[in-house]
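Text of the file upload04.cif, holding mmCIF, C-alpha atoms:
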data_protein
#
loop_
_atom_site.label_atom_id
_atom_site.label_comp_id
_atom_site.auth_asym_id
_atom_site.auth_seq_id
_atom_site.Cartn_x
_atom_site.Cartn_y
_atom_site.Cartn_z
CA MET Z 1 130.92 67.98 127.25
CA ALA Z 2 132.99 70.98 128.20
CA GLU Z 3 135.73 70.05 125.79
CA THR Z 4 133.52 70.02 122.71
CA THR Z 5 134.95 72.47 120.23
CA ILE Z 6 132.86 71.86 117.12
CA ARG Z 7 131.62 75.19 115.83
CA ASP Z 8 129.98 73.91 112.69
CA ARG Z 9 127.40 71.10 112.71
CA SER Z 10 126.78 71.14 108.96
CA ILE Z 11 126.59 67.84 107.15
CA HIS Z 12 129.84 68.36 105.23
CA ARG Z 13 133.05 69.79 106.64
CA LYS Z 14 135.89 69.77 104.19
CA ALA Z 15 139.42 68.74 105.00
CA VAL Z 16 141.68 71.72 104.46
CA ARG Z 17 145.44 72.07 104.37
CA ASP Z 18 147.67 70.12 106.67
CA TYR Z 19 145.14 68.00 108.55
CA HIS Z 20 142.74 70.67 109.61
CA TRP Z 21 139.01 70.74 109.02
CA GLU Z 22 136.45 73.43 108.27
CA GLY Z 23 134.49 74.42 111.34
CA VAL Z 24 136.75 72.54 113.75
CA ASP Z 25 138.83 74.42 116.31
CA CYS Z 26 142.44 73.30 116.66
CA VAL Z 27 143.32 73.71 120.33
CA PRO Z 28 146.16 72.82 122.67
CA TYR Z 29 146.04 69.20 123.77
CA LYS Z 30 145.35 69.89 127.45
CA ASP Z 31 144.97 72.75 129.86
CA ASP Z 32 146.31 70.70 132.75
CA GLY Z 33 149.66 72.21 133.68
CA ARG Z 34 150.69 69.05 135.53
CA ALA Z 35 150.61 66.90 132.43
CA LEU Z 36 153.91 66.16 130.80
CA PHE Z 37 153.50 66.39 127.07
CA LYS Z 38 155.06 68.26 124.20
CA THR Z 39 153.63 70.02 121.15
CA VAL Z 40 150.32 68.23 120.76
CA THR Z 41 147.13 69.69 119.28
CA ARG Z 42 143.57 68.40 119.48
CA GLN Z 43 140.63 68.73 117.11
CA VAL Z 44 137.22 67.30 117.98
CA LEU Z 45 135.86 66.02 114.67
CA PHE Z 46 132.58 64.55 115.90
CA SER Z 47 130.77 65.19 119.16
CA ASP Z 48 126.99 65.26 119.25
CA PRO Z 49 124.26 64.55 121.82
CA GLU Z 50 123.01 61.78 119.50
CA LEU Z 51 126.41 60.05 119.43
CA SER Z 52 127.63 57.96 122.34
CA GLY Z 53 131.20 58.20 121.08
CA GLU Z 54 133.45 61.09 120.09
CA LEU Z 55 136.07 61.19 117.38
CA ARG Z 56 139.07 63.44 117.86
CA HIS Z 57 142.25 64.08 115.88
CA PHE Z 58 145.48 64.59 117.78
CA GLU Z 59 148.68 65.74 116.20
CA VAL Z 60 152.04 65.33 117.86
CA ALA Z 61 154.77 67.51 116.33
CA PRO Z 62 158.13 65.93 115.36
CA GLY Z 63 159.89 64.90 118.57
CA GLY Z 64 156.74 65.50 120.61
CA PHE Z 65 154.75 63.11 122.79
CA SER Z 66 151.38 62.80 124.48
CA THR Z 67 150.89 62.53 128.23
CA LEU Z 68 151.74 59.24 129.91
CA GLU Z 69 148.41 58.44 131.57
CA ARG Z 70 145.73 55.86 132.25
CA HIS Z 71 141.99 55.90 132.88
CA GLU Z 72 138.92 53.69 133.03
CA HIS Z 73 137.79 54.47 129.50
CA MET Z 74 139.23 52.94 126.35
CA HIS Z 75 140.92 54.56 123.39
CA ALA Z 76 140.44 53.30 119.85
CA VAL Z 77 143.18 54.85 117.72
CA LEU Z 78 143.85 54.95 113.97
CA ILE Z 79 147.08 56.55 112.75
CA LEU Z 80 146.21 59.14 110.11
CA ARG Z 81 149.59 60.76 109.49
CA GLY Z 82 153.26 59.99 109.91
CA ARG Z 83 154.95 57.44 112.10
CA GLY Z 84 155.96 57.05 115.68
CA HIS Z 85 155.92 54.77 118.67
CA CYS Z 86 153.35 54.04 121.32
CA LEU Z 87 153.51 52.54 124.75
CA VAL Z 88 150.41 50.55 125.72
CA GLY Z 89 150.69 48.69 128.99
CA SER Z 90 153.92 46.72 128.74
CA GLU Z 91 154.26 46.98 124.96
CA VAL Z 92 156.20 49.50 122.90
CA ARG Z 93 155.17 49.39 119.25
CA ARG Z 94 156.23 51.23 116.13
CA VAL Z 95 153.13 52.61 114.46
CA GLU Z 96 152.59 53.94 110.97
CA LEU Z 97 149.89 55.06 108.58
CA HIS Z 98 146.44 53.54 109.22
CA ASP Z 99 147.63 51.19 111.99
CA LEU Z 100 145.07 50.53 114.73
CA VAL Z 101 145.90 50.80 118.43
CA THR Z 102 143.60 49.63 121.22
CA VAL Z 103 144.23 51.11 124.65
CA PRO Z 104 142.32 48.94 127.15
CA PRO Z 105 140.90 50.36 130.39
CA ARG Z 106 143.35 51.18 133.22
CA THR Z 107 146.39 50.87 130.95
CA TRP Z 108 149.35 53.26 130.87
CA HIS Z 109 149.82 54.69 127.40
CA GLN Z 110 151.74 57.35 125.52
CA PHE Z 111 152.28 58.27 121.85
CA ARG Z 112 155.51 59.66 120.48
CA ALA Z 113 156.25 61.12 117.04
CA THR Z 114 159.46 60.47 115.15
CA LEU Z 115 161.90 63.36 114.92
CA ASP Z 116 161.28 64.03 111.23
CA GLU Z 117 157.49 64.28 110.83
CA PRO Z 118 154.28 64.86 112.78
CA LEU Z 119 152.29 61.91 114.11
CA GLY Z 120 148.55 62.41 113.61
CA PHE Z 121 145.93 60.01 114.86
CA LEU Z 122 142.19 59.63 115.22
CA CYS Z 123 140.99 58.60 118.67
CA MET Z 124 137.47 57.31 119.36
CA VAL Z 125 136.30 57.48 122.99
CA ASN Z 126 133.06 57.22 124.90
CA ALA Z 127 131.36 60.60 125.24
CA GLY Z 128 130.94 59.93 128.96
CA ARG Z 129 134.33 59.11 130.44
CA ASP Z 130 136.56 59.53 133.47
CA LYS Z 131 139.53 61.88 133.82
CA PRO Z 132 143.04 60.57 133.16
CA GLN Z 133 145.31 59.59 136.02
CA LEU Z 134 148.99 60.61 135.89
CA PRO Z 135 151.76 58.26 137.04
CA THR Z 136 153.51 58.68 140.36
CA ILE Z 137 157.28 58.45 140.58
CA GLU Z 138 156.76 54.88 141.76
CA ASP Z 139 154.56 54.07 138.74
CA VAL Z 140 157.25 55.34 136.36
CA ALA Z 141 159.94 53.39 138.22
CA ALA Z 142 157.85 50.23 137.91
CA LEU Z 143 157.39 50.80 134.18
CA GLU Z 144 161.10 51.43 133.70
CA THR Z 145 162.06 48.04 135.05
CA ASP Z 146 161.43 46.98 131.44
CA PRO Z 147 164.45 48.20 129.41
CA GLU Z 148 162.41 48.80 126.27
CA ILE Z 149 159.89 50.93 128.18
CA ALA Z 150 162.74 52.75 129.93
CA LYS Z 151 164.23 53.63 126.55
CA PHE Z 152 160.86 54.79 125.24
CA LEU Z 153 160.26 57.01 128.29
CA ASP Z 154 163.82 58.33 128.28
CA ASN Z 155 163.42 59.34 124.65
CA CYS Z 156 160.33 61.30 125.61
CA VAL Z 157 162.14 63.04 128.43
CA ALA Z 158 165.19 63.66 126.26
CA ALA Z 159 163.04 65.33 123.61
CA SER Z 160 161.42 67.72 126.07
CA MET I 1 126.62 42.83 118.51
CA ALA I 2 125.99 40.11 116.00
CA GLU I 3 127.81 41.99 113.29
CA THR I 4 131.08 42.25 115.19
CA THR I 5 133.79 40.70 113.09
CA ILE I 6 136.95 41.55 115.02
CA ARG I 7 138.98 38.38 115.43
CA ASP I 8 141.98 39.97 117.06
CA ARG I 9 141.76 42.18 120.15
CA SER I 10 145.48 42.79 120.44
CA ILE I 11 146.65 46.32 121.14
CA HIS I 12 148.26 46.80 117.73
CA ARG I 13 146.79 45.74 114.43
CA LYS I 14 148.83 46.81 111.45
CA ALA I 15 147.41 48.30 108.29
CA VAL I 16 148.23 45.98 105.42
CA ARG I 17 147.95 46.39 101.68
CA ASP I 18 145.08 48.19 100.08
CA TYR I 19 143.14 49.34 103.13
CA HIS I 20 142.90 46.10 105.00
CA TRP I 21 143.93 45.46 108.58
CA GLU I 22 145.46 42.55 110.46
CA GLY I 23 142.88 40.61 112.43
CA VAL I 24 139.91 42.32 110.78
CA ASP I 25 137.54 40.39 108.54
CA CYS I 26 136.56 42.05 105.28
CA VAL I 27 132.96 41.07 104.64
CA PRO I 28 130.18 41.98 102.24
CA TYR I 29 128.45 45.21 103.18
CA LYS I 30 125.07 43.64 103.99
CA ASP I 31 123.32 40.34 103.96
CA ASP I 32 119.94 41.94 103.32
CA GLY I 33 118.92 40.92 99.81
CA ARG I 34 116.41 43.77 99.60
CA ALA I 35 119.05 46.46 99.89
CA LEU I 36 120.09 48.12 96.68
CA PHE I 37 123.82 48.60 96.75
CA LYS I 38 126.81 47.72 94.60
CA THR I 39 130.27 46.38 95.39
CA VAL I 40 130.69 47.54 98.97
CA THR I 41 132.77 45.85 101.67
CA ARG I 42 132.76 46.37 105.43
CA GLN I 43 135.47 46.00 108.05
CA VAL I 44 134.76 46.55 111.73
CA LEU I 45 137.91 48.22 113.07
CA PHE I 46 136.80 48.77 116.66
CA SER I 47 133.96 47.13 118.56
CA ASP I 48 134.30 46.34 122.23
CA PRO I 49 131.98 45.96 125.23
CA GLU I 50 133.87 48.86 126.85
CA LEU I 51 133.22 51.18 123.90
CA SER I 52 129.84 52.82 123.35
CA GLY I 53 130.72 53.51 119.72
CA GLU I 54 131.96 51.37 116.86
CA LEU I 55 134.33 52.33 114.07
CA ARG I 56 133.92 50.64 110.73
CA HIS I 57 135.60 51.03 107.34
CA PHE I 58 133.47 50.76 104.23
CA GLU I 59 134.86 50.60 100.74
CA VAL I 60 132.77 51.28 97.68
CA ALA I 61 134.34 50.02 94.45
CA PRO I 62 134.60 52.37 91.43
CA GLY I 63 131.09 53.03 90.18
CA GLY I 64 129.57 51.44 93.28
CA PHE I 65 127.23 52.88 95.89
CA SER I 66 125.91 52.20 99.36
CA THR I 67 122.27 51.60 100.18
CA LEU I 68 119.89 54.55 100.15
CA GLU I 69 118.51 54.34 103.69
CA ARG I 70 117.67 56.18 106.90
CA HIS I 71 117.52 55.32 110.59
CA GLU I 72 117.30 56.82 114.06
CA HIS I 73 121.02 56.59 114.73
CA MET I 74 123.64 58.98 113.40
CA HIS I 75 126.62 58.37 111.19
CA ALA I 76 129.91 60.22 111.66
CA VAL I 77 131.96 59.69 108.49
CA LEU I 78 135.56 60.50 107.54
CA ILE I 79 136.66 59.83 103.95
CA LEU I 80 139.83 57.72 104.06
CA ARG I 81 140.36 56.94 100.39
CA GLY I 82 139.36 58.30 97.02
CA ARG I 83 136.55 60.61 96.05
CA GLY I 84 132.86 60.42 95.41
CA HIS I 85 129.54 61.98 96.17
CA CYS I 86 127.11 61.64 99.02
CA LEU I 87 123.46 62.39 99.44
CA VAL I 88 122.50 63.51 102.95
CA GLY I 89 118.93 64.69 103.30
CA SER I 90 118.41 67.22 100.55
CA GLU I 91 122.12 67.82 99.88
CA VAL I 92 124.37 66.20 97.30
CA ARG I 93 128.03 66.87 98.05
CA ARG I 94 131.29 65.96 96.40
CA VAL I 95 133.55 64.39 99.00
CA GLU I 96 137.27 63.73 98.99
CA LEU I 97 140.14 62.65 101.21
CA HIS I 98 139.61 63.32 104.94
CA ASP I 99 136.34 65.24 104.48
CA LEU I 100 133.83 64.81 107.33
CA VAL I 101 130.18 63.94 106.74
CA THR I 102 127.51 64.04 109.44
CA VAL I 103 124.37 62.02 108.76
CA PRO I 104 121.75 63.23 111.28
CA PRO I 105 119.01 60.93 112.60
CA ARG I 106 116.13 60.01 110.26
CA THR I 107 117.93 61.36 107.20
CA TRP I 108 118.11 59.64 103.81
CA HIS I 109 121.72 59.08 102.78
CA GLN I 110 123.83 57.29 100.21
CA PHE I 111 127.52 57.28 99.24
CA ARG I 112 128.75 56.83 95.69
CA ALA I 113 132.28 56.27 94.39
CA THR I 114 133.62 57.91 91.25
CA LEU I 115 134.11 55.64 88.23
CA ASP I 116 137.91 55.65 88.43
CA GLU I 117 138.78 54.78 92.04
CA PRO I 118 137.36 53.22 95.21
CA LEU I 119 135.74 55.38 97.86
CA GLY I 120 136.76 54.29 101.36
CA PHE I 121 135.40 55.84 104.52
CA LEU I 122 135.42 55.43 108.27
CA CYS I 123 132.00 55.47 109.93
CA MET I 124 131.49 55.91 113.67
CA VAL I 125 128.11 54.78 115.05
CA ASN I 126 126.58 54.01 118.40
CA ALA I 127 127.09 50.37 119.39
CA GLY I 128 123.38 50.16 120.22
CA ARG I 129 121.40 51.29 117.20
CA ASP I 130 118.26 50.67 115.16
CA LYS I 131 118.02 48.91 111.83
CA PRO I 132 117.99 50.97 108.62
CA GLN I 133 114.77 51.74 106.82
CA LEU I 134 114.66 51.48 103.02
CA PRO I 135 112.76 54.01 100.90
CA THR I 136 109.40 53.25 99.35
CA ILE I 137 108.71 54.14 95.71
CA GLU I 138 106.94 57.22 97.08
CA ASP I 139 109.98 58.21 99.15
CA VAL I 140 112.22 58.00 96.08
CA ALA I 141 109.74 59.98 94.00
CA ALA I 142 109.67 62.68 96.68
CA LEU I 143 113.49 62.84 96.74
CA GLU I 144 113.62 63.03 92.94
CA THR I 145 111.56 66.19 92.81
CA ASP I 146 114.95 67.84 93.37
CA PRO I 147 116.81 67.67 90.01
CA GLU I 148 120.22 67.34 91.66
CA ILE I 149 119.06 64.42 93.80
CA ALA I 150 117.36 62.85 90.78
CA LYS I 151 120.65 63.01 88.89
CA PHE I 152 122.55 61.52 91.84
CA LEU I 153 120.08 58.64 92.19
CA ASP I 154 119.92 58.06 88.43
CA ASN I 155 123.70 57.78 88.33
CA CYS I 156 123.50 55.11 90.99
CA VAL I 157 120.88 53.19 89.05
CA ALA I 158 122.79 53.64 85.79
CA ALA I 159 125.94 52.19 87.35
CA SER I 160 124.17 49.07 88.64
#
Please express what this file holds, its structure, as structure tokens.
Amino acid sequence: MAETTIRDRSIHRKAVRDYHWEGVDCVPYKDDGRALFKTVTRQVLFSDPELSGELRHFEVAPGGFSTLERHEHMHAVLILRGRGHCLVGSEVRRVELHDLVTVPPRTWHQFRATLDEPLGFLCMVNAGRDKPQLPTIEDVAALETDPEIAKFLDNCVAAS
Amino acid sequence: MAETTIRDRSIHRKAVRDYHWEGVDCVPYKDDGRALFKTVTRQVLFSDPELSGELRHFEVAPGGFSTLERHEHMHAVLILRGRGHCLVGSEVRRVELHDLVTVPPRTWHQFRATLDEPLGFLCMVNAGRDKPQLPTIEDVAALETDPEIAKFLDNCVAAS
């Protein structure tokens, strides 16, 4: 895959300071200028022709948030650092260390860090997957008919 | 897959005490009576028809060890708790929190906890995969021609 950034395929890659790993590039979350997100980095921990899944680590800085998006493929998320909130479909949940989040296919989702610490999470995906779809103004308006979702999304906008 | 033990497919499953998760069964590592291992549990965190990979959490009790085995499929491991050692092919490595371990196809491997704390690790695998192969006496003898591997394997036997 074009996004693979593993430089080191050795059997043992040590965790180094502050949630980084030997031989793993830490890159900006996305190159897509359309995507609304704030202060997110991405590290691909495992990606290999022999593996049908990939494991990535995303880190959202305090007050930051990932893109609101949906796609055909699923996300399987484990919180590795900090606390925050996520929107998955019609649910806003507070998430904390080691919590599991399942993002089903075709489901709007976004992750948001608290203001005081980074939110880091592992995300397992299929190696072969579709590109994310961004919401239209109408999609956002539909989501915001739920007051809790409106508050979640407003907080993201307010923090940007 | 027959081994899938997720009872709860909700979008948010909270981490509870001592590395357990809501809606996830904690089961013995293996049912195979032939396999030499000690005090290991298994929790399947993510397994879904829409995902081509699975994410499991294994915990090896202090002094315990996983089965020495090999197979066609790969393991992608992230240490989530404690410290220990692993054998991968001809390498014995000390592993600790958040280290990454890649087990290539057809490669003998085993994980061992230290005596003072559990070793917990995430393991990503392909959902479709072959069964492990156990070593013959000749395989073990060949591995033990390396003094470091011999010491690693002897420690496992001594702890059993």
Closest of I:Leu55, I:Leu45, I:Leu87, I:Cys26 to Leu100 of chain Z - atom-to-atom distances counting all atoms listed in the file:
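Ranking I:Leu55, I:Leu45, I:Leu87, I:Cys26 by distance to Leu100 of chain Z, first place goes to I:Leu45.
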Once the PyMOL selection byres ((chain I) within 10 of (chain Z)) has been evaluated on this model, what residues remain selected, and can you format them as a PyMOL selection string?
chain I and resi 9-16+19-22+45-48+50-55+72-80+86-89+91-105+124-128
Spell out the residues picked by the PyMOL selection byres ((chain I and resi 156) around 12) here, as a ChimeraX atom specification.
/I:36-39,62-68,84-87,110-115,149-155,157-160
Saved selection, atoms kept: C-alpha atoms, as a PDB file, in the frame of the given file:
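selection-v8.pdb, written as the output of this step:
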ATOM      1  CA  LEU I  36     120.090  48.120  96.680  1.00  0.00           C
ATOM      2  CA  PHE I  37     123.820  48.600  96.750  1.00  0.00           C
ATOM      3  CA  LYS I  38     126.810  47.720  94.600  1.00  0.00           C
ATOM      4  CA  THR I  39     130.270  46.380  95.390  1.00  0.00           C
ATOM      5  CA  PRO I  62     134.600  52.370  91.430  1.00  0.00           C
ATOM      6  CA  GLY I  63     131.090  53.030  90.180  1.00  0.00           C
ATOM      7  CA  GLY I  64     129.570  51.440  93.280  1.00  0.00           C
ATOM      8  CA  PHE I  65     127.230  52.880  95.890  1.00  0.00           C
ATOM      9  CA  SER I  66     125.910  52.200  99.360  1.00  0.00           C
ATOM     10  CA  THR I  67     122.270  51.600 100.180  1.00  0.00           C
ATOM     11  CA  LEU I  68     119.890  54.550 100.150  1.00  0.00           C
ATOM     12  CA  GLY I  84     132.860  60.420  95.410  1.00  0.00           C
ATOM     13  CA  HIS I  85     129.540  61.980  96.170  1.00  0.00           C
ATOM     14  CA  CYS I  86     127.110  61.640  99.020  1.00  0.00           C
ATOM     15  CA  LEU I  87     123.460  62.390  99.440  1.00  0.00           C
ATOM     16  CA  GLN I 110     123.830  57.290 100.210  1.00  0.00           C
ATOM     17  CA  PHE I 111     127.520  57.280  99.240  1.00  0.00           C
ATOM     18  CA  ARG I 112     128.750  56.830  95.690  1.00  0.00           C
ATOM     19  CA  ALA I 113     132.280  56.270  94.390  1.00  0.00           C
ATOM     20  CA  THR I 114     133.620  57.910  91.250  1.00  0.00           C
ATOM     21  CA  LEU I 115     134.110  55.640  88.230  1.00  0.00           C
ATOM     22  CA  ILE I 149     119.060  64.420  93.800  1.00  0.00           C
ATOM     23  CA  ALA I 150     117.360  62.850  90.780  1.00  0.00           C
ATOM     24  CA  LYS I 151     120.650  63.010  88.890  1.00  0.00           C
ATOM     25  CA  PHE I 152     122.550  61.520  91.840  1.00  0.00           C
ATOM     26  CA  LEU I 153     120.080  58.640  92.190  1.00  0.00           C
ATOM     27  CA  ASP I 154     119.920  58.060  88.430  1.00  0.00           C
ATOM     28  CA  ASN I 155     123.700  57.780  88.330  1.00  0.00           C
ATOM     29  CA  VAL I 157     120.880  53.190  89.050  1.00  0.00           C
ATOM     30  CA  ALA I 158     122.790  53.640  85.790  1.00  0.00           C
ATOM     31  CA  ALA I 159     125.940  52.190  87.350  1.00  0.00           C
ATOM     32  CA  SER I 160     124.170  49.070  88.640  1.00  0.00           C
TER      33      SER I 160
END
Report the distance between atom CA of Val27 of chain Z and atom CA of Cys123 of chain Z in Å, rounded to one decimal place.
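Spanning atom CA of Val27 of chain Z to atom CA of Cys123 of chain Z is a straight-line distance of 15.4 Å.
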I'm after chain I in the frame of chain Z: fit it by least squares over all Cα atoms matched in order, and give me the output as a CSV table (one decimal) with C-alpha atoms, in the frame of the given file.
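Listing of result_23.csv after writing:
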chain,number,residue,atom,x,y,z
I,1,MET,CA,130.9,67.9,127.2
I,2,ALA,CA,132.9,71.0,128.2
I,3,GLU,CA,135.6,70.1,125.8
I,4,THR,CA,133.5,70.0,122.7
I,5,THR,CA,134.9,72.5,120.2
I,6,ILE,CA,132.8,71.8,117.1
I,7,ARG,CA,131.6,75.2,115.8
I,8,ASP,CA,129.9,73.9,112.7
I,9,ARG,CA,127.4,71.1,112.7
I,10,SER,CA,126.8,71.1,109.0
I,11,ILE,CA,126.6,67.8,107.1
I,12,HIS,CA,129.8,68.4,105.2
I,13,ARG,CA,133.0,69.8,106.6
I,14,LYS,CA,135.9,69.8,104.2
I,15,ALA,CA,139.4,68.7,105.0
I,16,VAL,CA,141.7,71.7,104.5
I,17,ARG,CA,145.5,72.1,104.4
I,18,ASP,CA,147.7,70.1,106.7
I,19,TYR,CA,145.2,68.0,108.6
I,20,HIS,CA,142.8,70.7,109.6
I,21,TRP,CA,139.0,70.8,109.0
I,22,GLU,CA,136.5,73.4,108.3
I,23,GLY,CA,134.5,74.4,111.3
I,24,VAL,CA,136.8,72.5,113.8
I,25,ASP,CA,138.8,74.4,116.3
I,26,CYS,CA,142.5,73.3,116.7
I,27,VAL,CA,143.3,73.7,120.3
I,28,PRO,CA,146.1,72.8,122.7
I,29,TYR,CA,146.0,69.2,123.8
I,30,LYS,CA,145.3,69.9,127.4
I,31,ASP,CA,145.0,72.7,129.8
I,32,ASP,CA,146.3,70.7,132.7
I,33,GLY,CA,149.6,72.2,133.7
I,34,ARG,CA,150.7,69.0,135.5
I,35,ALA,CA,150.6,66.9,132.4
I,36,LEU,CA,153.9,66.2,130.8
I,37,PHE,CA,153.5,66.4,127.1
I,38,LYS,CA,155.1,68.3,124.2
I,39,THR,CA,153.6,70.0,121.1
I,40,VAL,CA,150.3,68.3,120.8
I,41,THR,CA,147.1,69.7,119.3
I,42,ARG,CA,143.6,68.4,119.5
I,43,GLN,CA,140.6,68.7,117.1
I,44,VAL,CA,137.2,67.3,118.0
I,45,LEU,CA,135.9,66.0,114.7
I,46,PHE,CA,132.6,64.5,115.9
I,47,SER,CA,130.8,65.2,119.2
I,48,ASP,CA,127.0,65.3,119.3
I,49,PRO,CA,124.3,64.6,121.8
I,50,GLU,CA,123.0,61.8,119.5
I,51,LEU,CA,126.4,60.1,119.4
I,52,SER,CA,127.6,58.0,122.3
I,53,GLY,CA,131.2,58.2,121.1
I,54,GLU,CA,133.5,61.1,120.1
I,55,LEU,CA,136.1,61.2,117.4
I,56,ARG,CA,139.1,63.4,117.9
I,57,HIS,CA,142.2,64.1,115.9
I,58,PHE,CA,145.5,64.6,117.8
I,59,GLU,CA,148.7,65.7,116.2
I,60,VAL,CA,152.0,65.3,117.9
I,61,ALA,CA,154.8,67.5,116.3
I,62,PRO,CA,158.1,65.9,115.4
I,63,GLY,CA,159.9,64.9,118.6
I,64,GLY,CA,156.7,65.5,120.6
I,65,PHE,CA,154.7,63.1,122.8
I,66,SER,CA,151.4,62.8,124.5
I,67,THR,CA,150.9,62.5,128.2
I,68,LEU,CA,151.8,59.2,129.9
I,69,GLU,CA,148.4,58.4,131.6
I,70,ARG,CA,145.7,55.9,132.3
I,71,HIS,CA,142.0,55.9,132.9
I,72,GLU,CA,138.9,53.7,133.0
I,73,HIS,CA,137.8,54.5,129.5
I,74,MET,CA,139.2,52.9,126.4
I,75,HIS,CA,140.9,54.6,123.4
I,76,ALA,CA,140.4,53.3,119.8
I,77,VAL,CA,143.2,54.9,117.7
I,78,LEU,CA,143.8,55.0,114.0
I,79,ILE,CA,147.1,56.6,112.8
I,80,LEU,CA,146.2,59.2,110.1
I,81,ARG,CA,149.6,60.8,109.5
I,82,GLY,CA,153.2,60.0,109.9
I,83,ARG,CA,155.0,57.4,112.1
I,84,GLY,CA,156.0,57.0,115.7
I,85,HIS,CA,155.9,54.8,118.7
I,86,CYS,CA,153.3,54.0,121.3
I,87,LEU,CA,153.5,52.5,124.8
I,88,VAL,CA,150.4,50.6,125.7
I,89,GLY,CA,150.7,48.7,129.0
I,90,SER,CA,153.9,46.7,128.8
I,91,GLU,CA,154.3,47.0,125.0
I,92,VAL,CA,156.2,49.5,122.9
I,93,ARG,CA,155.2,49.4,119.3
I,94,ARG,CA,156.2,51.2,116.1
I,95,VAL,CA,153.1,52.6,114.5
I,96,GLU,CA,152.6,54.0,111.0
I,97,LEU,CA,149.9,55.1,108.6
I,98,HIS,CA,146.4,53.6,109.2
I,99,ASP,CA,147.6,51.2,112.0
I,100,LEU,CA,145.1,50.5,114.7
I,101,VAL,CA,145.9,50.8,118.4
I,102,THR,CA,143.6,49.6,121.2
I,103,VAL,CA,144.2,51.1,124.7
I,104,PRO,CA,142.3,48.9,127.1
I,105,PRO,CA,140.9,50.4,130.4
I,106,ARG,CA,143.4,51.2,133.2
I,107,THR,CA,146.4,50.9,131.0
I,108,TRP,CA,149.3,53.3,130.9
I,109,HIS,CA,149.8,54.7,127.4
I,110,GLN,CA,151.8,57.3,125.5
I,111,PHE,CA,152.3,58.3,121.8
I,112,ARG,CA,155.5,59.7,120.5
I,113,ALA,CA,156.3,61.1,117.0
I,114,THR,CA,159.5,60.5,115.2
I,115,LEU,CA,161.9,63.4,114.9
I,116,ASP,CA,161.3,64.0,111.2
I,117,GLU,CA,157.5,64.3,110.8
I,118,PRO,CA,154.3,64.8,112.8
I,119,LEU,CA,152.3,61.9,114.1
I,120,GLY,CA,148.6,62.4,113.6
I,121,PHE,CA,145.9,60.0,114.9
I,122,LEU,CA,142.2,59.6,115.2
I,123,CYS,CA,141.0,58.6,118.7
I,124,MET,CA,137.5,57.3,119.4
I,125,VAL,CA,136.3,57.5,123.0
I,126,ASN,CA,133.1,57.2,124.9
I,127,ALA,CA,131.4,60.6,125.2
I,128,GLY,CA,130.9,59.9,129.0
I,129,ARG,CA,134.3,59.1,130.4
I,130,ASP,CA,136.6,59.5,133.5
I,131,LYS,CA,139.5,61.9,133.8
I,132,PRO,CA,143.0,60.6,133.2
I,133,GLN,CA,145.3,59.6,136.0
I,134,LEU,CA,149.0,60.6,135.9
I,135,PRO,CA,151.7,58.3,137.0
I,136,THR,CA,153.5,58.7,140.4
I,137,ILE,CA,157.3,58.4,140.6
I,138,GLU,CA,156.8,54.9,141.8
I,139,ASP,CA,154.6,54.1,138.7
I,140,VAL,CA,157.3,55.3,136.4
I,141,ALA,CA,160.0,53.4,138.2
I,142,ALA,CA,157.9,50.2,137.9
I,143,LEU,CA,157.4,50.8,134.2
I,144,GLU,CA,161.1,51.4,133.7
I,145,THR,CA,162.1,48.0,135.1
I,146,ASP,CA,161.4,47.0,131.5
I,147,PRO,CA,164.5,48.2,129.4
I,148,GLU,CA,162.4,48.8,126.3
I,149,ILE,CA,159.9,50.9,128.2
I,150,ALA,CA,162.7,52.7,129.9
I,151,LYS,CA,164.2,53.6,126.6
I,152,PHE,CA,160.9,54.8,125.2
I,153,LEU,CA,160.3,57.0,128.3
I,154,ASP,CA,163.8,58.3,128.3
I,155,ASN,CA,163.4,59.3,124.6
I,156,CYS,CA,160.4,61.3,125.6
I,157,VAL,CA,162.2,63.0,128.4
I,158,ALA,CA,165.2,63.6,126.2
I,159,ALA,CA,163.1,65.3,123.5
I,160,SER,CA,161.4,67.7,126.0
Please, what distance in Å, to one decimal, runs between atom CA of His109 of chain Z and atom CA of Gly23 of chain I?
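Interatomic distance here is 21.7 Å.
Candidate residues I:Trp108, I:Leu143, I:Phe121, I:Asp116 were compared for distance to Glu69 of chain I, and the nearest is I:Trp108, using all atoms listed in the file.
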What is the distance, in Å and to one decimal place, between atom CA of Ala61 of chain Z and atom CA of Thr41 of chain Z?
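The value is 8.5 Å.
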Once 3 Å is added on each side, what centre and edge lengths in Å to one decimal does the axis-aligned box around all listed atoms of segment 79-96 of chain Z have, as AutoDock Vina command-line options?
--center_x 151.2 --center_y 53.7 --center_z 119.2 --size_x 16.0 --size_y 20.0 --size_z 25.5
Got a sec: who's within 7 Å of His71 of chain Z, counting only C-alpha atoms, leaving out chain neighbours fewer than 5 positions off, as a PyMOL selection string?
chain Z and resi 105-107+130-133
Hey, which of Z:Val44, Z:Ile137, Z:Gly120, Z:Arg129 ends up closest to Val24 of chain Z? Count all atoms listed in the file.
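Between Z:Val44, Z:Ile137, Z:Gly120, Z:Arg129, the residue approaching Val24 of chain Z most closely is Z:Val44.
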